[in-house]
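Okay, structure first, notes after.
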Number of protein chains: 2
Amino acid sequence: MKKRNCIIGQSGGPTIAINASLAGIIHKAKYSEEYQNVYGMINGIKGLLEERYMNLLEEFNTGEKINALKQTPAMYLGSCRFKLPTHEENTDTYVKLFEILTKLEITDFYYIGGNDSMDTVMKLDSYAKSIGSTIKFIGIPKTIDNDLMGTDHTPGFGSAAKYVASSILEVIHDSLIYQLQSVTIIEIMGRNAGWLTAAAALARNEYNEAPDLIYLPEVVFDINNFLDDIREVFKRKRCVVIAVSEGIKDKNGHFLDDNSKYLKKDAFGHVLHSGTGKMLETIVFKEFQCKVRSIELNVLQRCAMHIGSKTDLNESFVIGQKAVETAIAGKTGQVMGFKRISNNPYSVDYISTDVQDVANLEQKIPTEWINEAGNNITQELYDYLFPLIQGEVHINYRNGIPAYYSCKHLNK
Amino acid sequence: MKKRNCIIGQSGGPTIAINASLAGIIHKAKYSEEYQNVYGMINGIKGLLEERYMNLLEEFNTGEKINALKQTPAMYLGSCRFKLPTHEENTDTYVKLFEILTKLEITDFYYIGGNDSMDTVMKLDSYAKSIGSTIKFIGIPKTIDNDLMGTDHTPGFGSAAKYVASSILEVIHDSLIYQLQSVTIIEIMGRNAGWLTAAAALARNEYNEAPDLIYLPEVVFDINNFLDDIREVFKRKRCVVIAVSEGIKDKNGHFLDDNSKYLKKDAFGHVLHSGTGKMLETIVFKEFQCKVRSIELNVLQRCAMHIGSKTDLNESFVIGQKAVETAIAGKTGQVMGFKRISNNPYSVDYISTDVQDVANLEQKIPTEWINEAGNNITQELYDYLFPLIQGEVHINYRNGIPAYYSCKHLNK
């Protein structure tokens with residue numbers, strides 16, 4: 001007799017692997033002997049509060065559909081940026097949520113997201129325990145930022161890293177064609193942690209040593225050092241390629257684009273940046289009077305499913321399955337993660353960690369993985385990153401464009 | 001006895017298919033009974049004037065290497081933006097060039113490029129005829145802009161179009177995740193011709209009708225109509241996706257970003273634009289006070305070899321081979337091209353056209369292929385574009401990133 005019912009939500013910003021984790025949960029639940037119903041909340045916890053959810057076993061009633069979902073970018077269930085109040089601040093929200101969960105006879109609650117989403121998991125689990133509820137709350141990490149605690153790396157990061165490295169290699173080919181001195185600045189996502197910017201180093205190969213300079217948010221950014229660095233590279237080559245995090249900050253902790261007119265804040269009060277590359281472009285042009293171009297990889301780095309990492313996509317699927325095993329084993333208030341066993345051959349174990357040790361914390365690049373000059377990464381960091389982008393995902397195409405699972409239901 | 005010697009140059013901006021045409025010429029010359037030497041000028045006509053050239057049969061001495069070249073983005077030989085003076089203006093340049101060509105015993109001169117490069121072919125051919133030289137001058141078109149006369153479409157365009165359509169589909173998935181009204185503006189390359197922007201329509205599929213609005217440089221851009229158009233789309237959906245050409249102009253013929261501080265000019269006096277998307281972002285946000293994002297596809301649309309169109313890449317290779325056949329047939333002052341036989345099944349003939357009818361002319365989108373409101377394309381244009389993006393190029397990967405042919409020789 002199937003006794004369990006689960007509900008799954010997605011939250012925060014997208015990656016190309018977040019649907020793979022959803023597919024992993026659906027797949028495991030579908031073929032287990034345990035689950036009666038698998039629900040999906042539309043637009044995360046915010047949608048659940050409005051009782052917007054769907055029956056996922058009805059929608060994904062074949063292995064082909066589950067596989068198509070696995071290879072679809074962004075978030076099939078939609079997302080939200082919704083900061084759950086503490087239950088001391090607002091008990092009503094919790095009462096409402098648990099009424100809905102009780103009505104659906106939910107036994108397991110899976111939430112796929114980043115730091116902020118794990119805050120939601122922690123608060124719900126804490127409230128559940130306070131009222132004696134036995135619902136299991138399991139968080140599944142995802143973020144292209146790779147900045148979560150409790151895991152060696154995050155689902156979604158490897159694919160974004162593969163996109164960044166591959167695109168930069170292509171931009172490097174492009175940058176060399178004219179016989180001119182030039183500086184190409186590539187701005188990469190990452191507010192406080194520079195993992196994805198560091199992945200630019202994976203563009204290096206037997207004929208290409210660029211990016212020549214890498215600037216991470218973990219290092220205080222100094223304009224004069226930056227210009228000196230470029231001057232130094234110009235001594236040995238004509239075209240300089242620079243990878244820079246959107247989140248670099250000066251010695252006072254101010255983001256470089258704090259004066260930008262495009263500053264915005266999200267619901268969590270995080271400042272959304274754009275313009276670091278453009279700002280540096282202006283500064284470099286003023287100094288060197290050479291050809292300067294800045295390229296913002298923008299949302300493409302988090303949604304380019306067509307160049308996903310096979311390692312990342314497979315791990316993201318399996319971690320969804322492992323989340324189901326964790327709930328069935330009776331655990332709650334856990335966040336799933338990877339523990340790296342070895343770099344070469346690459347292997348990981350699947351683990352879970354208490355959400356209290358994960359939520360609202362950021363994992364930054366350790367200082368020892370950044371070179372002394374603060375403009376490059378070390379071999380250790382390269383070796384850490386390298387396995388995560390290995391393998392190609394061969395997606396299907398229809399009519400010349402990728403064949404993804406429909407997202408039409410979200411545009412209402 | 002092999003009697004012919006040829007030299008090949010690449011010029012203008014890159015596409016992912018320009019090395020495929022180079023590979024096609026090398027392949028045909030290598031396996032023909034006609035050629036002794038195949039030279040490549042480094043950095044086009046400008047490099048040739050400085051006697052910078054290389055022996056391509058020595059470098060590409062295996063079929064594997066030629067195939068790797070075919071699948072490498074940008075320009076193996078480097079490029080230039082060099083406006084050749086007329087020989088009436090400056091005979092010395094021509095005398096110098098022909099001295100070099102004579103020294104190398106060149107019989108055939110192949111130049112792969114866009115409008116401006118065809119101007120070079122025309123001038124050299126005209127000078128050759130005036131001095132009784134028998135060197136054959138053949139132009140091979142390439143441009144992501146698809147704006148050349150004398151051909152149904154240009155090599156390189158189909159791949160850029162496939163990148164644009166696929167990336168926009170991925171951005172659309174990304175744009176739908178939050179339950180917010182939003183406008184996503186995608187800025188696409190194309191100064192005066194909107195072909196590549198029109199290709200955004202290829203992102204439409206059975207579940208997605210976006211981009212909802214398409215603005216081309218062929219249509220006078222009016223801000224009020226633009227805002228009305230968005231208002232209209234908001235009546236039926238929450239998220240509006242707009243494809244806009246970087247080159248849209250107002251009724252006075254002024255580029256929208258004429259006030260931009262990033263205006264630059266290239267060697268031909270063309271103004272280089274950036275900022276149309278950002279400018280529209282500001283205007284839309286002011287009007288609708290909703291989430292607005294602008295994305296500039298930037299150089300990625302011309303160098304993303306990893307998502308090339310098989311149709312485009314194969315045609316680009318064959319047109320190189322056909323150029324060799326054309327020279328051997330004794331023709332000169334010709335630009336190679338495609339003549340479309342049918343859309344479905346898609347087929348083309350390879351043709352050549354007198355360079356006088358091609359150089360310095362632009363092929364824009366015919367008015368009848370744009371809808372009456374000037375914010376979308378017609379089915380006829382869709383049907384014209386559709387075959388050009390069909391088929392996928394399965395490139396090789398090494399260490400998780402694309403395995404391209406070395407471009408190291410260009411960074412000196």
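Just so we're on the same page: first chain in the structure tokens is A, next is B, and so on; residues restart at 1 for each chain, and ligands are numbered from 1 in the order they show up.
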- Item | Who sits within 9 Å of Lys408 of chain B, only C-alpha atoms, same chain under 6 positions skipped, as a ChimeraX atom specification | /A:173,176,207-208
Within 6 Å of chain B, which residues of chain A come that close, and what is the closest atom pair and distance in Å for each? Count only C-alpha atoms and give it as CSV.
residue,atom,partner,partner_atom,distance
A:Ala74,CA,B:Asp174,CA,5.1
A:Gly78,CA,B:Ile177,CA,4.2
A:Ser79,CA,B:Ile177,CA,5.1
A:Cys80,CA,B:Tyr178,CA,5.6
A:Ser166,CA,B:Ile401,CA,5.3
A:Glu170,CA,B:Cys303,CA,5.8
A:His173,CA,B:Ala74,CA,5.7
A:Asp174,CA,B:Ala74,CA,5.1
A:Leu176,CA,B:Leu410,CA,5.9
A:Ile177,CA,B:Gly78,CA,4.2
A:Tyr178,CA,B:Ser79,CA,5.3
A:Tyr207,CA,B:Lys408,CA,5.7
A:Lys237,CA,B:Lys412,CA,5.9
A:Arg238,CA,B:Asn411,CA,5.9
A:Cys303,CA,B:Glu170,CA,5.7
A:Ile389,CA,B:Gly400,CA,5.4
A:Gln390,CA,B:Gly400,CA,4.4
A:Gly391,CA,B:Gly400,CA,6.0
A:Gly400,CA,B:Gln390,CA,4.4
A:Ile401,CA,B:Ser166,CA,5.3
A:Ser406,CA,B:Tyr207,CA,5.7
A:Lys408,CA,B:Tyr207,CA,5.7
A:Leu410,CA,B:Leu176,CA,5.9
A:Asn411,CA,B:Arg238,CA,5.9
A:Lys412,CA,B:Lys237,CA,5.8
Let's have the selection written as a PDB file, in the first residue's frame, with N, CA and C atoms.
ATOM      1  N   ALA A  74      15.941  26.241 -16.880  1.00  0.00           N
ATOM      2  CA  ALA A  74      15.108  27.064 -15.985  1.00  0.00           C
ATOM      3  C   ALA A  74      14.274  26.181 -15.058  1.00  0.00           C
ATOM      4  N   GLY A  78       8.292  26.924 -11.949  1.00  0.00           N
ATOM      5  CA  GLY A  78       8.358  28.346 -11.635  1.00  0.00           C
ATOM      6  C   GLY A  78       9.053  28.554 -10.308  1.00  0.00           C
ATOM      7  N   SER A  79       9.349  29.793 -10.006  1.00  0.00           N
ATOM      8  CA  SER A  79      10.139  30.106  -8.821  1.00  0.00           C
ATOM      9  C   SER A  79       9.474  31.221  -8.033  1.00  0.00           C
ATOM     10  N   CYS A  80      10.087  31.550  -6.921  1.00  0.00           N
ATOM     11  CA  CYS A  80       9.682  32.762  -6.208  1.00  0.00           C
ATOM     12  C   CYS A  80      10.894  33.280  -5.449  1.00  0.00           C
ATOM     13  N   SER A 166      33.638  27.498 -22.174  1.00  0.00           N
ATOM     14  CA  SER A 166      33.529  27.289 -23.621  1.00  0.00           C
ATOM     15  C   SER A 166      33.287  28.607 -24.347  1.00  0.00           C
ATOM     16  N   GLU A 170      35.656  30.659 -27.138  1.00  0.00           N
ATOM     17  CA  GLU A 170      35.149  31.154 -28.424  1.00  0.00           C
ATOM     18  C   GLU A 170      35.376  32.658 -28.564  1.00  0.00           C
ATOM     19  N   HIS A 173      39.024  33.253 -29.500  1.00  0.00           N
ATOM     20  CA  HIS A 173      39.246  33.102 -30.949  1.00  0.00           C
ATOM     21  C   HIS A 173      38.824  34.383 -31.665  1.00  0.00           C
ATOM     22  N   ASP A 174      37.678  34.899 -31.276  1.00  0.00           N
ATOM     23  CA  ASP A 174      37.130  36.116 -31.891  1.00  0.00           C
ATOM     24  C   ASP A 174      38.030  37.332 -31.638  1.00  0.00           C
ATOM     25  N   LEU A 176      41.165  37.658 -31.360  1.00  0.00           N
ATOM     26  CA  LEU A 176      42.524  37.676 -31.915  1.00  0.00           C
ATOM     27  C   LEU A 176      42.605  38.085 -33.384  1.00  0.00           C
ATOM     28  N   ILE A 177      41.474  38.264 -34.025  1.00  0.00           N
ATOM     29  CA  ILE A 177      41.504  38.350 -35.491  1.00  0.00           C
ATOM     30  C   ILE A 177      42.129  39.632 -36.034  1.00  0.00           C
ATOM     31  N   TYR A 178      41.985  40.733 -35.319  1.00  0.00           N
ATOM     32  CA  TYR A 178      42.576  41.975 -35.819  1.00  0.00           C
ATOM     33  C   TYR A 178      43.965  42.169 -35.226  1.00  0.00           C
ATOM     34  N   TYR A 207      46.893  25.636 -26.467  1.00  0.00           N
ATOM     35  CA  TYR A 207      47.324  26.790 -27.270  1.00  0.00           C
ATOM     36  C   TYR A 207      46.901  28.122 -26.691  1.00  0.00           C
ATOM     37  N   LYS A 237      52.029  39.851 -24.767  1.00  0.00           N
ATOM     38  CA  LYS A 237      51.039  39.552 -25.801  1.00  0.00           C
ATOM     39  C   LYS A 237      50.201  40.772 -26.158  1.00  0.00           C
ATOM     40  N   ARG A 238      49.569  40.651 -27.311  1.00  0.00           N
ATOM     41  CA  ARG A 238      48.860  41.783 -27.901  1.00  0.00           C
ATOM     42  C   ARG A 238      47.430  41.913 -27.376  1.00  0.00           C
ATOM     43  N   CYS A 303      21.162  29.542 -18.272  1.00  0.00           N
ATOM     44  CA  CYS A 303      20.055  28.878 -18.984  1.00  0.00           C
ATOM     45  C   CYS A 303      20.477  28.166 -20.267  1.00  0.00           C
ATOM     46  N   ILE A 389      32.998  19.985 -15.209  1.00  0.00           N
ATOM     47  CA  ILE A 389      32.500  20.363 -16.546  1.00  0.00           C
ATOM     48  C   ILE A 389      32.673  19.233 -17.562  1.00  0.00           C
ATOM     49  N   GLN A 390      33.100  18.066 -17.092  1.00  0.00           N
ATOM     50  CA  GLN A 390      33.393  16.994 -18.050  1.00  0.00           C
ATOM     51  C   GLN A 390      32.123  16.327 -18.573  1.00  0.00           C
ATOM     52  N   GLY A 391      32.169  15.974 -19.841  1.00  0.00           N
ATOM     53  CA  GLY A 391      31.068  15.260 -20.488  1.00  0.00           C
ATOM     54  C   GLY A 391      30.062  16.209 -21.101  1.00  0.00           C
ATOM     55  N   GLY A 400      15.499  22.589 -35.772  1.00  0.00           N
ATOM     56  CA  GLY A 400      16.708  23.407 -35.695  1.00  0.00           C
ATOM     57  C   GLY A 400      16.956  24.062 -34.358  1.00  0.00           C
ATOM     58  N   ILE A 401      16.002  23.949 -33.434  1.00  0.00           N
ATOM     59  CA  ILE A 401      16.190  24.528 -32.090  1.00  0.00           C
ATOM     60  C   ILE A 401      16.002  23.422 -31.046  1.00  0.00           C
ATOM     61  N   SER A 406       7.632  21.889 -22.486  1.00  0.00           N
ATOM     62  CA  SER A 406       6.844  23.130 -22.521  1.00  0.00           C
ATOM     63  C   SER A 406       6.890  23.911 -21.202  1.00  0.00           C
ATOM     64  N   LYS A 408       4.821  26.663 -21.126  1.00  0.00           N
ATOM     65  CA  LYS A 408       3.678  27.537 -21.423  1.00  0.00           C
ATOM     66  C   LYS A 408       2.814  27.824 -20.192  1.00  0.00           C
ATOM     67  N   LEU A 410       3.498  28.513 -17.374  1.00  0.00           N
ATOM     68  CA  LEU A 410       4.001  29.578 -16.481  1.00  0.00           C
ATOM     69  C   LEU A 410       3.653  30.985 -16.976  1.00  0.00           C
ATOM     70  N   ASN A 411       3.242  31.105 -18.243  1.00  0.00           N
ATOM     71  CA  ASN A 411       3.005  32.455 -18.784  1.00  0.00           C
ATOM     72  C   ASN A 411       1.528  32.814 -18.767  1.00  0.00           C
ATOM     73  N   LYS A 412       0.989  32.861 -17.562  1.00  0.00           N
ATOM     74  CA  LYS A 412      -0.444  33.184 -17.437  1.00  0.00           C
ATOM     75  C   LYS A 412      -0.608  34.435 -16.622  1.00  0.00           C
TER      76      LYS A 412
END
- Polymer residues at most 8 Å from His87 of chain B, only C-alpha atoms, same-chain spacing of 3 or more positions, as an MDAnalysis selection string: chainID B and resid 90:91 93:94 123 127
For the selection just defined, write its residues with N, CA and C atoms to a file, as an mmCIF file, in the first residue's frame.
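Result file is again.cif:
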data_model
loop_
_atom_site.group_PDB
_atom_site.id
_atom_site.type_symbol
_atom_site.label_atom_id
_atom_site.label_comp_id
_atom_site.auth_asym_id
_atom_site.auth_seq_id
_atom_site.Cartn_x
_atom_site.Cartn_y
_atom_site.Cartn_z
ATOM 1 N N ASN B 90 45.989 55.734 -55.343
ATOM 2 C CA ASN B 90 47.268 55.279 -54.796
ATOM 3 C C ASN B 90 47.761 54.054 -55.564
ATOM 4 N N THR B 91 48.497 54.296 -56.614
ATOM 5 C CA THR B 91 48.984 53.194 -57.456
ATOM 6 C C THR B 91 50.035 52.369 -56.729
ATOM 7 N N THR B 93 50.328 51.175 -53.762
ATOM 8 C CA THR B 93 49.803 50.028 -53.022
ATOM 9 C C THR B 93 49.567 48.851 -53.963
ATOM 10 N N TYR B 94 49.007 49.153 -55.130
ATOM 11 C CA TYR B 94 48.709 48.090 -56.101
ATOM 12 C C TYR B 94 49.986 47.491 -56.681
ATOM 13 N N LYS B 123 38.277 45.992 -56.663
ATOM 14 C CA LYS B 123 39.361 46.915 -57.001
ATOM 15 C C LYS B 123 40.592 46.172 -57.519
ATOM 16 N N TYR B 127 42.099 46.510 -61.283
ATOM 17 C CA TYR B 127 43.500 46.876 -61.516
ATOM 18 C C TYR B 127 44.206 45.795 -62.344
#
- Query: What lies within 8 Å of Ile66 of chain B using only C-alpha atoms, ignoring chain neighbours under 5 positions off, as a PyMOL selection string?
  - Reply: chain B and resi 23+26-27+60-61
Print the selection's residues with N, CA and C atoms to a file, as a PDB file, in the first residue's frame.
ATOM      1  N   ALA B  23      38.639  26.008 -45.249  1.00  0.00           N
ATOM      2  CA  ALA B  23      38.898  24.562 -45.295  1.00  0.00           C
ATOM      3  C   ALA B  23      38.462  23.983 -46.638  1.00  0.00           C
ATOM      4  N   ILE B  26      41.128  24.900 -49.234  1.00  0.00           N
ATOM      5  CA  ILE B  26      42.348  24.108 -49.011  1.00  0.00           C
ATOM      6  C   ILE B  26      42.107  22.665 -49.461  1.00  0.00           C
ATOM      7  N   HIS B  27      40.962  22.114 -49.065  1.00  0.00           N
ATOM      8  CA  HIS B  27      40.628  20.735 -49.394  1.00  0.00           C
ATOM      9  C   HIS B  27      40.606  20.521 -50.908  1.00  0.00           C
ATOM     10  N   PHE B  60      48.130  22.356 -43.037  1.00  0.00           N
ATOM     11  CA  PHE B  60      46.969  21.447 -43.071  1.00  0.00           C
ATOM     12  C   PHE B  60      47.293  20.246 -43.952  1.00  0.00           C
ATOM     13  N   ASN B  61      48.187  19.418 -43.428  1.00  0.00           N
ATOM     14  CA  ASN B  61      48.706  18.299 -44.223  1.00  0.00           C
ATOM     15  C   ASN B  61      47.940  16.996 -44.017  1.00  0.00           C
TER      16      ASN B  61
END
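In this model, the gap between atom CA of Asn37 of chain B and atom CA of Gly330 of chain B comes to 18.1 Å.
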- Task: Write out as a ChimeraX atom specification all residues of segment 157-279 of chain B that backbone DSSP assigns to alpha helix (DSSP H).
- Result: /B:157-175,195-198,223-234,276-279
- Task: Please provide the set of residues having any atom within 10 Å of segment 283-290 of chain B, restricted to only C-alpha atoms, with same-chain residues fewer than 6 positions apart removed, written as a PyMOL selection string.
- Result: chain B and resi 180-185+223+226-227+230-231+277
- Query: Would you give me, as a count of residues only, the residues in segment 145-384 of chain A that DSSP reads as strand (DSSP E)?
  - Reply: 46
- Could you name the residues that touch segment 336-338 of chain B at 10 Å or less, counting only C-alpha atoms, but leaving out those on the same chain fewer than 4 positions away, as a PyMOL selection string? chain B and resi 112+138-142+148-155+315+319-320+322-323+326+347-355
Export of prior selection with N, CA and C atoms as a tab-separated table (two decimals), in the first residue's frame:
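Output below, filename out_22.tsv:
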chain	number	residue	atom	x	y	z
B	112	ILE	N	37.72	35.88	-48.62
B	112	ILE	CA	36.48	35.53	-47.92
B	112	ILE	C	36.08	36.70	-47.03
B	138	ILE	N	38.54	35.90	-56.87
B	138	ILE	CA	37.24	35.32	-56.52
B	138	ILE	C	36.89	35.69	-55.07
B	139	GLY	N	35.71	36.23	-54.88
B	139	GLY	CA	35.22	36.53	-53.54
B	139	GLY	C	34.33	35.42	-53.02
B	140	ILE	N	34.48	35.10	-51.74
B	140	ILE	CA	33.59	34.13	-51.11
B	140	ILE	C	32.87	34.88	-49.99
B	141	PRO	N	31.55	34.96	-50.06
B	141	PRO	CA	30.84	35.77	-49.07
B	141	PRO	C	30.83	35.13	-47.69
B	142	LYS	N	30.73	35.93	-46.70
B	142	LYS	CA	30.48	35.49	-45.31
B	142	LYS	C	30.04	36.73	-44.57
B	148	LEU	N	24.40	40.57	-48.17
B	148	LEU	CA	25.12	40.69	-49.43
B	148	LEU	C	24.20	40.44	-50.62
B	149	MET	N	24.45	41.16	-51.72
B	149	MET	CA	23.73	40.93	-52.96
B	149	MET	C	24.35	39.72	-53.66
B	150	GLY	N	23.63	39.19	-54.63
B	150	GLY	CA	24.21	38.13	-55.47
B	150	GLY	C	24.15	36.75	-54.85
B	151	THR	N	23.48	36.63	-53.71
B	151	THR	CA	23.35	35.32	-53.09
B	151	THR	C	22.05	35.26	-52.29
B	152	ASP	N	21.45	34.10	-52.27
B	152	ASP	CA	20.20	33.92	-51.52
B	152	ASP	C	20.40	34.20	-50.05
B	153	HIS	N	21.56	33.80	-49.54
B	153	HIS	CA	21.92	34.04	-48.13
B	153	HIS	C	23.43	33.92	-48.03
B	154	THR	N	23.98	34.27	-46.89
B	154	THR	CA	25.44	34.28	-46.77
B	154	THR	C	25.92	33.19	-45.82
B	155	PRO	N	27.08	32.59	-46.13
B	155	PRO	CA	27.69	31.66	-45.17
B	155	PRO	C	27.90	32.35	-43.83
B	315	GLU	N	27.41	24.09	-46.34
B	315	GLU	CA	27.37	25.00	-47.49
B	315	GLU	C	28.63	25.88	-47.55
B	319	ILE	N	31.03	25.96	-50.71
B	319	ILE	CA	31.19	27.20	-51.50
B	319	ILE	C	32.67	27.52	-51.68
B	320	GLY	N	33.50	27.12	-50.71
B	320	GLY	CA	34.95	27.28	-50.86
B	320	GLY	C	35.46	26.40	-52.01
B	322	LYS	N	33.69	25.33	-54.50
B	322	LYS	CA	33.14	25.86	-55.76
B	322	LYS	C	33.93	27.09	-56.24
B	323	ALA	N	34.46	27.84	-55.30
B	323	ALA	CA	35.28	29.01	-55.66
B	323	ALA	C	36.51	28.54	-56.45
B	326	THR	N	35.56	27.64	-59.87
B	326	THR	CA	35.28	28.85	-60.65
B	326	THR	C	36.56	29.47	-61.20
B	347	SER	N	16.80	23.16	-51.16
B	347	SER	CA	17.98	22.91	-52.00
B	347	SER	C	18.48	24.19	-52.63
B	348	VAL	N	19.78	24.24	-52.85
B	348	VAL	CA	20.41	25.43	-53.45
B	348	VAL	C	21.34	25.01	-54.59
B	349	ASP	N	21.51	25.92	-55.54
B	349	ASP	CA	22.59	25.81	-56.53
B	349	ASP	C	23.71	26.76	-56.12
B	350	TYR	N	24.92	26.41	-56.51
B	350	TYR	CA	26.06	27.30	-56.27
B	350	TYR	C	26.27	28.12	-57.54
B	351	ILE	N	26.35	29.42	-57.37
B	351	ILE	CA	26.47	30.32	-58.53
B	351	ILE	C	27.62	31.30	-58.30
B	352	SER	N	27.94	32.05	-59.34
B	352	SER	CA	28.85	33.18	-59.13
B	352	SER	C	28.30	34.39	-59.86
B	353	THR	N	28.61	35.57	-59.32
B	353	THR	CA	28.05	36.83	-59.82
B	353	THR	C	29.21	37.81	-60.01
B	354	ASP	N	29.07	38.68	-61.00
B	354	ASP	CA	30.09	39.71	-61.21
B	354	ASP	C	30.21	40.58	-59.94
B	355	VAL	N	31.43	40.77	-59.49
B	355	VAL	CA	31.66	41.50	-58.23
B	355	VAL	C	31.10	42.93	-58.27
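Minimum atom-to-atom distance to Lys129 of chain B, evaluated using only C-alpha atoms, belongs to B:Thr332 out of B:Thr332, B:Ser117, B:Arg52, B:Ile395.
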